[in-house]
file start-v9.cif (mmCIF, C-alpha atoms, pLDDT in the B column; chains and numbers go by the auth columns)
data_work
loop_
_atom_site.group_PDB
_atom_site.id
_atom_site.type_symbol
_atom_site.label_atom_id
_atom_site.label_comp_id
_atom_site.label_asym_id
_atom_site.label_seq_id
_atom_site.Cartn_x
_atom_site.Cartn_y
_atom_site.Cartn_z
_atom_site.B_iso_or_equiv
_atom_site.auth_seq_id
_atom_site.auth_asym_id
ATOM 1 C CA MET A 1 0.000 0.000 0.000 34.00 2 A
ATOM 2 C CA SER A 2 1.281 3.492 -0.851 39.00 3 A
ATOM 3 C CA THR A 3 2.217 5.830 1.953 41.00 4 A
ATOM 4 C CA ALA A 4 1.829 9.595 2.031 39.00 5 A
ATOM 5 C CA GLU A 5 5.485 9.901 1.007 44.00 6 A
ATOM 6 C CA GLU A 6 5.017 7.917 -2.189 43.00 7 A
ATOM 7 C CA PRO A 7 3.951 9.354 -5.561 42.00 8 A
ATOM 8 C CA LEU A 8 0.737 8.299 -7.225 37.00 9 A
ATOM 9 C CA THR A 9 1.705 5.698 -9.819 39.00 10 A
ATOM 10 C CA THR A 10 -1.612 4.710 -11.354 40.00 11 A
ATOM 11 C CA GLY A 11 -4.180 6.576 -13.395 46.00 12 A
ATOM 12 C CA ARG A 12 -3.329 9.279 -15.895 48.00 13 A
ATOM 13 C CA ASP A 13 -6.383 11.348 -14.989 54.00 14 A
ATOM 14 C CA GLY A 14 -5.535 11.046 -11.310 89.00 15 A
ATOM 15 C CA LEU A 15 -2.002 12.297 -11.878 93.00 16 A
ATOM 16 C CA LEU A 16 -3.171 15.275 -13.935 92.00 17 A
ATOM 17 C CA SER A 17 -5.677 16.108 -11.224 93.00 18 A
ATOM 18 C CA LEU A 18 -2.958 16.017 -8.562 94.00 19 A
ATOM 19 C CA LEU A 19 -0.764 18.279 -10.685 95.00 20 A
ATOM 20 C CA ARG A 20 -3.491 20.827 -11.390 93.00 21 A
ATOM 21 C CA HIS A 21 -4.692 21.007 -7.802 93.00 22 A
ATOM 22 C CA GLY A 22 -1.229 21.251 -6.246 93.00 23 A
ATOM 23 C CA GLN A 23 -1.608 17.875 -4.537 94.00 24 A
ATOM 24 C CA LEU A 24 1.559 16.114 -5.688 95.00 25 A
ATOM 25 C CA PRO A 25 2.927 13.658 -4.715 94.00 26 A
ATOM 26 C CA SER A 26 -0.383 12.287 -3.357 92.00 27 A
ATOM 27 C CA ARG A 27 -3.688 13.463 -1.941 91.00 28 A
ATOM 28 C CA ALA A 28 -2.641 12.215 1.486 92.00 29 A
ATOM 29 C CA ALA A 29 0.632 14.148 1.494 94.00 30 A
ATOM 30 C CA LYS A 30 1.122 16.911 4.031 95.00 31 A
ATOM 31 C CA ALA A 31 2.358 20.399 3.204 96.00 32 A
ATOM 32 C CA PRO A 32 6.044 19.700 4.066 96.00 33 A
ATOM 33 C CA GLN A 33 5.991 16.611 1.853 96.00 34 A
ATOM 34 C CA ARG A 34 4.515 18.557 -1.066 96.00 35 A
ATOM 35 C CA GLU A 35 7.124 21.271 -0.568 97.00 36 A
ATOM 36 C CA ARG A 36 9.961 18.711 -0.596 97.00 37 A
ATOM 37 C CA TYR A 37 8.583 17.122 -3.748 97.00 38 A
ATOM 38 C CA GLN A 38 8.433 20.477 -5.515 97.00 39 A
ATOM 39 C CA ARG A 39 11.981 21.337 -4.379 97.00 40 A
ATOM 40 C CA ILE A 40 13.281 18.064 -5.803 98.00 41 A
ATOM 41 C CA VAL A 41 11.696 18.610 -9.217 97.00 42 A
ATOM 42 C CA ALA A 42 12.773 22.269 -9.234 97.00 43 A
ATOM 43 C CA ALA A 43 16.351 21.243 -8.430 98.00 44 A
ATOM 44 C CA ALA A 44 16.373 18.782 -11.327 98.00 45 A
ATOM 45 C CA MET A 45 15.072 21.449 -13.702 98.00 46 A
ATOM 46 C CA GLU A 46 17.686 23.961 -12.503 98.00 47 A
ATOM 47 C CA LEU A 47 20.491 21.458 -13.010 98.00 48 A
ATOM 48 C CA ALA A 48 19.175 20.641 -16.479 98.00 49 A
ATOM 49 C CA SER A 49 19.238 24.344 -17.375 98.00 50 A
ATOM 50 C CA GLU A 50 22.781 24.690 -16.057 98.00 51 A
ATOM 51 C CA GLY A 51 24.355 21.624 -17.632 97.00 52 A
ATOM 52 C CA GLY A 52 21.847 19.611 -19.618 97.00 53 A
ATOM 53 C CA TYR A 53 20.938 15.946 -19.195 97.00 54 A
ATOM 54 C CA ASP A 54 24.302 14.802 -17.822 97.00 55 A
ATOM 55 C CA ALA A 55 24.246 17.419 -15.062 98.00 56 A
ATOM 56 C CA VAL A 56 21.095 15.908 -13.559 98.00 57 A
ATOM 57 C CA GLN A 57 22.375 13.394 -11.000 98.00 58 A
ATOM 58 C CA MET A 58 20.368 12.043 -8.082 98.00 59 A
ATOM 59 C CA ARG A 59 22.897 12.967 -5.378 98.00 60 A
ATOM 60 C CA THR A 60 23.372 16.444 -6.829 98.00 61 A
ATOM 61 C CA ILE A 61 19.600 16.884 -6.899 98.00 62 A
ATOM 62 C CA ALA A 62 19.391 15.875 -3.244 98.00 63 A
ATOM 63 C CA ASP A 63 22.111 18.366 -2.301 98.00 64 A
ATOM 64 C CA ARG A 64 20.499 21.168 -4.318 98.00 65 A
ATOM 65 C CA ALA A 65 17.052 20.457 -2.853 98.00 66 A
ATOM 66 C CA GLY A 66 18.379 20.087 0.691 98.00 67 A
ATOM 67 C CA VAL A 67 16.940 16.603 1.210 97.00 68 A
ATOM 68 C CA ALA A 68 18.317 13.147 1.861 97.00 69 A
ATOM 69 C CA LEU A 69 19.219 11.040 -1.161 98.00 70 A
ATOM 70 C CA GLY A 70 16.749 8.410 0.041 97.00 71 A
ATOM 71 C CA THR A 71 13.958 10.982 -0.128 96.00 72 A
ATOM 72 C CA VAL A 72 14.717 11.638 -3.793 97.00 73 A
ATOM 73 C CA TYR A 73 14.573 7.909 -4.562 97.00 74 A
ATOM 74 C CA ARG A 74 11.355 7.559 -2.570 95.00 75 A
ATOM 75 C CA TYR A 75 9.626 9.801 -5.081 95.00 76 A
ATOM 76 C CA PHE A 76 11.578 8.992 -8.242 96.00 77 A
ATOM 77 C CA PRO A 77 13.423 5.717 -9.012 95.00 78 A
ATOM 78 C CA SER A 78 15.531 7.425 -11.680 96.00 79 A
ATOM 79 C CA LYS A 79 16.395 10.821 -13.095 96.00 80 A
ATOM 80 C CA ASN A 80 14.485 9.951 -16.272 97.00 81 A
ATOM 81 C CA HIS A 81 11.333 9.442 -14.213 96.00 82 A
ATOM 82 C CA MET A 82 11.913 12.783 -12.507 96.00 83 A
ATOM 83 C CA LEU A 83 12.568 14.668 -15.742 97.00 84 A
ATOM 84 C CA VAL A 84 9.485 13.157 -17.388 97.00 85 A
ATOM 85 C CA MET A 85 7.515 14.602 -14.465 97.00 86 A
ATOM 86 C CA GLY A 86 9.227 17.906 -15.228 96.00 87 A
ATOM 87 C CA LEU A 87 8.233 17.584 -18.888 95.00 88 A
ATOM 88 C CA LEU A 88 4.636 16.933 -17.858 95.00 89 A
ATOM 89 C CA MET A 89 4.715 20.092 -15.734 96.00 90 A
ATOM 90 C CA VAL A 90 6.130 22.116 -18.632 94.00 91 A
ATOM 91 C CA PHE A 91 3.441 20.915 -21.042 92.00 92 A
ATOM 92 C CA GLU A 92 0.743 21.538 -18.446 95.00 93 A
ATOM 93 C CA GLY A 93 2.023 25.109 -18.333 93.00 94 A
ATOM 94 C CA MET A 94 1.839 25.258 -22.139 90.00 95 A
ATOM 95 C CA ARG A 95 -1.755 23.997 -22.057 90.00 96 A
ATOM 96 C CA ALA A 96 -2.715 26.504 -19.386 91.00 97 A
ATOM 97 C CA ARG A 97 -1.345 29.390 -21.489 88.00 98 A
ATOM 98 C CA PHE A 98 -4.098 28.818 -24.048 88.00 99 A
ATOM 99 C CA GLU A 99 -6.901 27.754 -21.717 86.00 100 A
ATOM 100 C CA ASP A 100 -8.727 31.072 -21.580 86.00 101 A
ATOM 101 C CA VAL A 101 -7.668 32.682 -24.855 87.00 102 A
ATOM 102 C CA VAL A 102 -9.146 32.698 -28.334 89.00 103 A
ATOM 103 C CA ILE A 103 -6.678 30.862 -30.549 91.00 104 A
ATOM 104 C CA PRO A 104 -6.317 32.585 -33.941 92.00 105 A
ATOM 105 C CA GLY A 105 -7.037 30.710 -37.161 91.00 106 A
ATOM 106 C CA ASP A 106 -9.978 30.004 -39.453 90.00 107 A
ATOM 107 C CA THR A 107 -9.478 26.235 -39.521 89.00 108 A
ATOM 108 C CA PRO A 108 -8.467 23.544 -36.991 87.00 109 A
ATOM 109 C CA SER A 109 -5.131 23.074 -38.753 88.00 110 A
ATOM 110 C CA GLU A 110 -4.342 26.807 -38.558 91.00 111 A
ATOM 111 C CA ARG A 111 -5.156 26.893 -34.841 91.00 112 A
ATOM 112 C CA ILE A 112 -3.093 23.778 -34.092 91.00 113 A
ATOM 113 C CA LEU A 113 -0.148 25.176 -36.038 92.00 114 A
ATOM 114 C CA PHE A 114 -0.369 28.418 -34.047 93.00 115 A
ATOM 115 C CA VAL A 115 -0.206 26.527 -30.727 92.00 116 A
ATOM 116 C CA LEU A 116 2.547 24.210 -31.937 92.00 117 A
ATOM 117 C CA ARG A 117 4.615 27.127 -33.217 93.00 118 A
ATOM 118 C CA LYS A 118 4.305 29.097 -29.966 91.00 119 A
ATOM 119 C CA ASN A 119 5.184 26.061 -27.839 90.00 120 A
ATOM 120 C CA THR A 120 8.063 24.946 -30.047 91.00 121 A
ATOM 121 C CA GLU A 121 9.662 28.408 -30.126 90.00 122 A
ATOM 122 C CA VAL A 122 10.046 28.157 -26.333 88.00 123 A
ATOM 123 C CA LEU A 123 12.697 25.446 -26.800 87.00 124 A
ATOM 124 C CA GLU A 124 15.469 27.823 -27.780 87.00 125 A
ATOM 125 C CA LYS A 125 14.916 29.948 -24.665 91.00 126 A
ATOM 126 C CA ASP A 126 16.425 27.196 -22.481 95.00 127 A
ATOM 127 C CA ARG A 127 17.926 24.650 -24.847 95.00 128 A
ATOM 128 C CA PRO A 128 19.881 22.605 -22.226 96.00 129 A
ATOM 129 C CA ARG A 129 16.741 22.089 -20.119 97.00 130 A
ATOM 130 C CA TYR A 130 14.472 21.097 -22.987 96.00 131 A
ATOM 131 C CA GLU A 131 17.091 18.800 -24.471 96.00 132 A
ATOM 132 C CA ALA A 132 17.309 17.055 -21.078 97.00 133 A
ATOM 133 C CA LEU A 133 13.536 16.704 -20.836 96.00 134 A
ATOM 134 C CA VAL A 134 13.217 15.245 -24.327 95.00 135 A
ATOM 135 C CA ARG A 135 16.107 12.834 -23.680 96.00 136 A
ATOM 136 C CA ALA A 136 14.380 11.643 -20.513 97.00 137 A
ATOM 137 C CA PHE A 137 11.175 11.103 -22.486 95.00 138 A
ATOM 138 C CA MET A 138 13.152 8.988 -24.979 93.00 139 A
ATOM 139 C CA PHE A 139 14.806 6.860 -22.284 94.00 140 A
ATOM 140 C CA ALA A 140 11.951 6.553 -19.759 95.00 141 A
ATOM 141 C CA ASP A 141 10.975 3.033 -18.696 93.00 142 A
ATOM 142 C CA ALA A 142 7.844 1.518 -17.160 92.00 143 A
ATOM 143 C CA SER A 143 8.441 3.283 -13.837 91.00 144 A
ATOM 144 C CA ALA A 144 7.255 6.495 -15.522 93.00 145 A
ATOM 145 C CA SER A 145 4.201 4.938 -17.171 93.00 146 A
ATOM 146 C CA ALA A 146 1.723 7.048 -15.188 92.00 147 A
ATOM 147 C CA GLU A 147 3.530 10.241 -16.199 94.00 148 A
ATOM 148 C CA LEU A 148 3.757 9.139 -19.834 92.00 149 A
ATOM 149 C CA ASP A 149 0.052 8.241 -19.891 92.00 150 A
ATOM 150 C CA ALA A 150 -0.777 11.594 -18.332 93.00 151 A
ATOM 151 C CA PHE A 151 1.376 13.302 -20.944 92.00 152 A
ATOM 152 C CA GLY A 152 -0.622 11.637 -23.728 89.00 153 A
ATOM 153 C CA ALA A 153 -3.909 12.641 -22.101 90.00 154 A
ATOM 154 C CA LEU A 154 -2.700 16.208 -21.698 92.00 155 A
ATOM 155 C CA MET A 155 -1.664 16.428 -25.355 89.00 156 A
ATOM 156 C CA THR A 156 -5.075 15.156 -26.444 87.00 157 A
ATOM 157 C CA GLU A 157 -6.837 17.659 -24.209 88.00 158 A
ATOM 158 C CA MET A 158 -4.691 20.563 -25.429 88.00 159 A
ATOM 159 C CA PHE A 159 -5.263 19.805 -29.103 86.00 160 A
ATOM 160 C CA ALA A 160 -8.984 19.108 -28.619 86.00 161 A
ATOM 161 C CA LYS A 161 -9.363 22.555 -27.090 86.00 162 A
ATOM 162 C CA THR A 162 -7.332 24.013 -29.938 88.00 163 A
ATOM 163 C CA ILE A 163 -9.575 22.587 -32.662 85.00 164 A
ATOM 164 C CA GLY A 164 -12.651 23.681 -30.717 82.00 165 A
ATOM 165 C CA VAL A 165 -14.348 20.448 -29.671 80.00 166 A
ATOM 166 C CA GLU A 166 -15.532 19.266 -26.271 77.00 167 A
ATOM 167 C CA LYS A 167 -15.287 15.598 -27.162 79.00 168 A
ATOM 168 C CA VAL A 168 -13.013 14.289 -29.898 80.00 169 A
ATOM 169 C CA SER A 169 -14.235 11.808 -32.490 86.00 170 A
ATOM 170 C CA ASP A 170 -12.200 8.720 -33.334 89.00 171 A
ATOM 171 C CA ASP A 171 -10.893 10.402 -36.491 87.00 172 A
ATOM 172 C CA GLN A 172 -9.959 13.534 -34.579 85.00 173 A
ATOM 173 C CA LEU A 173 -8.278 11.483 -31.853 86.00 174 A
ATOM 174 C CA ASN A 174 -6.217 9.630 -34.446 88.00 175 A
ATOM 175 C CA ALA A 175 -5.250 12.940 -36.045 88.00 176 A
ATOM 176 C CA ILE A 176 -4.213 14.374 -32.687 86.00 177 A
ATOM 177 C CA ARG A 177 -2.112 11.305 -31.917 87.00 178 A
ATOM 178 C CA VAL A 178 -0.337 11.522 -35.269 90.00 179 A
ATOM 179 C CA ILE A 179 0.467 15.199 -34.730 91.00 180 A
ATOM 180 C CA GLY A 180 1.721 14.481 -31.223 88.00 181 A
ATOM 181 C CA ASP A 181 3.945 11.680 -32.506 91.00 182 A
ATOM 182 C CA VAL A 182 5.365 13.896 -35.262 93.00 183 A
ATOM 183 C CA TRP A 183 6.018 16.647 -32.714 92.00 184 A
ATOM 184 C CA MET A 184 7.913 14.355 -30.339 90.00 185 A
ATOM 185 C CA SER A 185 9.876 12.613 -33.106 93.00 186 A
ATOM 186 C CA SER A 186 10.853 16.025 -34.478 95.00 187 A
ATOM 187 C CA LEU A 187 11.996 17.082 -31.017 93.00 188 A
ATOM 188 C CA VAL A 188 14.154 13.950 -30.809 93.00 189 A
ATOM 189 C CA SER A 189 15.816 14.996 -34.082 95.00 190 A
ATOM 190 C CA TRP A 190 16.242 18.509 -32.669 94.00 191 A
ATOM 191 C CA VAL A 191 17.956 17.109 -29.562 92.00 192 A
ATOM 192 C CA ALA A 192 20.294 15.082 -31.784 92.00 193 A
ATOM 193 C CA GLY A 193 21.231 18.252 -33.666 93.00 194 A
ATOM 194 C CA ARG A 194 19.864 16.984 -36.978 95.00 195 A
ATOM 195 C CA ILE A 195 17.277 19.735 -37.425 95.00 196 A
ATOM 196 C CA SER A 196 16.662 23.273 -36.198 94.00 197 A
ATOM 197 C CA VAL A 197 13.577 24.631 -34.425 92.00 198 A
ATOM 198 C CA ASP A 198 12.512 26.209 -37.730 93.00 199 A
ATOM 199 C CA GLU A 199 12.725 22.765 -39.362 95.00 200 A
ATOM 200 C CA VAL A 200 10.702 21.241 -36.504 94.00 201 A
ATOM 201 C CA ILE A 201 7.967 23.772 -37.226 94.00 202 A
ATOM 202 C CA ALA A 202 8.191 23.064 -40.978 95.00 203 A
ATOM 203 C CA HIS A 203 7.748 19.314 -40.346 93.00 204 A
ATOM 204 C CA LEU A 204 4.763 20.029 -38.117 94.00 205 A
ATOM 205 C CA SER A 205 3.204 22.315 -40.698 94.00 206 A
ATOM 206 C CA LEU A 206 3.369 19.624 -43.358 94.00 207 A
ATOM 207 C CA ALA A 207 2.052 16.925 -41.024 93.00 208 A
ATOM 208 C CA VAL A 208 -0.879 19.049 -39.825 92.00 209 A
ATOM 209 C CA ARG A 209 -1.925 19.927 -43.371 90.00 210 A
ATOM 210 C CA LEU A 210 -1.774 16.305 -44.511 90.00 211 A
ATOM 211 C CA VAL A 211 -3.577 14.908 -41.472 89.00 212 A
ATOM 212 C CA PHE A 212 -6.358 17.479 -41.343 83.00 213 A
ATOM 213 C CA ARG A 213 -6.947 17.619 -45.085 79.00 214 A
ATOM 214 C CA ARG A 214 -9.209 14.571 -44.859 74.00 215 A
ATOM 215 C CA LEU A 215 -11.025 16.092 -41.873 73.00 216 A
ATOM 216 C CA GLY A 216 -11.919 19.227 -43.804 67.00 217 A
ATOM 217 C CA GLY A 217 -9.582 21.667 -42.191 65.00 218 A
#
call {"tool": "encode", "arguments": {"input": "start-v9.cif", "output": "structure tokens"}}
result
Amino acid sequence: MSTAEEPLTTGRDGLLSLLRHGQLPSRAAKAPQRERYQRIVAAAMELASEGGYDAVQMRTIADRAGVALGTVYRYFPSKNHMLVMGLLMVFEGMRARFEDVVIPGDTPSERILFVLRKNTEVLEKDRPRYEALVRAFMFADASASAELDAFGALMTEMFAKTIGVEKVSDDQLNAIRVIGDVWMSSLVSWVAGRISVDEVIAHLSLAVRLVFRRLGG
């Protein structure tokens, strides 16, 4: 049975709810536990900004966060797990940016491209951090399955809002998944230095037009 010190590991909707209501790592956690959890993730993100993926080490995170190494491992079995949680937080912030705004564009594809472009341009503002987050996403194992599931749910929700529907159809869901996959695969190429941010956006533009052509927009 999970204790108050342990993160929620099942249920993508549950994890998103915890994130949005400031209840991580669990609903039973007390304020000091939540504060320690946030310090640990913040320390990992700071280290990623300072030195990229290789700079994020569990002992260094513990020292930066001012907690015992065992506390870090209690919440996160690996740095990949921790950075995937950081990636989820970043994308939740991206989603929230557009929650209460009218997204410009006459068609679903134009609105999705606007959101993708704005979110992708952020990458160059802190390249070491975003490279680290994408690398962690690439290398994450089953221990981060709840975070990865939540990430997929968040992407679906963000794009559904962007195209202006409350409930996505099967065709729309498939389109959203394809766009999400193209986005992440393009980011992997960006991390590897094979393409620029401008080329990521160009790939996304082509994919969105092709995918949404059959959906009438």
call {"tool": "atom_distance", "arguments": {"input": "start-v9.cif", "atom1": "atom CA of A:Arg35", "atom2": "atom CA of A:Val135"}}
result
25.1 Å
call {"tool": "closest_residue", "arguments": {"input": "start-v9.cif", "among": "A:Val57, A:Leu17, A:Ala133, A:Val68", "to": "A:Glu158", "atoms": "all atoms listed in the file"}}
result
A:Leu17
call {"tool": "residues_around", "arguments": {"input": "start-v9.cif", "residues": "A:Phe92", "least_positions_apart": "4", "cutoff": "9 Å", "atoms": "all atoms listed in the file", "output": "number ranges by chain"}}
result
A: 87-88, 96-97, 120, 152, 155-156
call {"tool": "residues_near_point", "arguments": {"input": "start-v9.cif", "point": "(8.6, 12.4, -1.5)", "cutoff": "10 Å", "atoms": "all atoms listed in the file", "output": "list in words"}}
result
Thr4, Ala5, Glu6, Glu7, Pro8, Leu25, Pro26, Ser27, Ala30, Pro33, Gln34, Arg35, Glu36, Arg37, Tyr38, Gln39, Arg40, Ile41, Val68, Gly71, Thr72, Val73, Tyr74, Arg75, Tyr76 and Phe77 of chain A
call {"tool": "atom_distance", "arguments": {"input": "start-v9.cif", "atom1": "atom CA of A:Ser110", "atom2": "atom CA of A:Glu125"}}
result
23.8 Å
call {"tool": "resolve_selection", "arguments": {"input": "start-v9.cif", "expression": "the PyMOL selection byres ((chain A and resi 116) around 9)", "output": "list in words"}}
result
Met95, Phe99, Ile104, Glu111, Arg112, Ile113, Leu114, Phe115, Leu117, Arg118, Lys119, Asn120, Thr121, Phe160 and Thr163 of chain A
call {"tool": "closest_residue", "arguments": {"input": "start-v9.cif", "among": "A:Val209, A:Val169, A:Lys162, A:Arg214", "to": "A:Val183", "atoms": "only C-alpha atoms"}}
result
A:Val209
call {"tool": "residues_around", "arguments": {"input": "start-v9.cif", "residues": "stretch 138-142 of chain A", "least_positions_apart": "5", "cutoff": "8 Å", "atoms": "only C-alpha atoms", "output": "MDAnalysis selection string"}}
result
chainID A and resid 81:82 84:85 88 189
call {"tool": "closest_residue", "arguments": {"input": "start-v9.cif", "among": "A:Leu211, A:Leu174, A:Val123, A:Ala151", "to": "A:Leu89", "atoms": "all atoms listed in the file"}}
result
A:Ala151
call {"tool": "resolve_selection", "arguments": {"input": "start-v9.cif", "expression": "the PyMOL selection byres ((chain A and resi 66) around 9)", "output": "count of residues only"}}
result
15
call {"tool": "atom_distance", "arguments": {"input": "start-v9.cif", "atom1": "atom CA of A:Ser50", "atom2": "atom CA of A:Arg130"}}
result
4.3 Å
call {"tool": "closest_residue", "arguments": {"input": "start-v9.cif", "among": "A:Ser186, A:Ser18, A:Ser197, A:Thr108", "to": "A:Arg210", "atoms": "all atoms listed in the file"}}
result
A:Thr108
call {"tool": "residues_around", "arguments": {"input": "start-v9.cif", "residues": "A:Asp127", "least_positions_apart": "4", "cutoff": "12 Å", "atoms": "all atoms listed in the file", "output": "JSON, numbers by chain"}}
result
{"A": [46, 47, 48, 49, 50, 51, 52, 53, 121, 122, 123, 131, 132, 133, 134]}
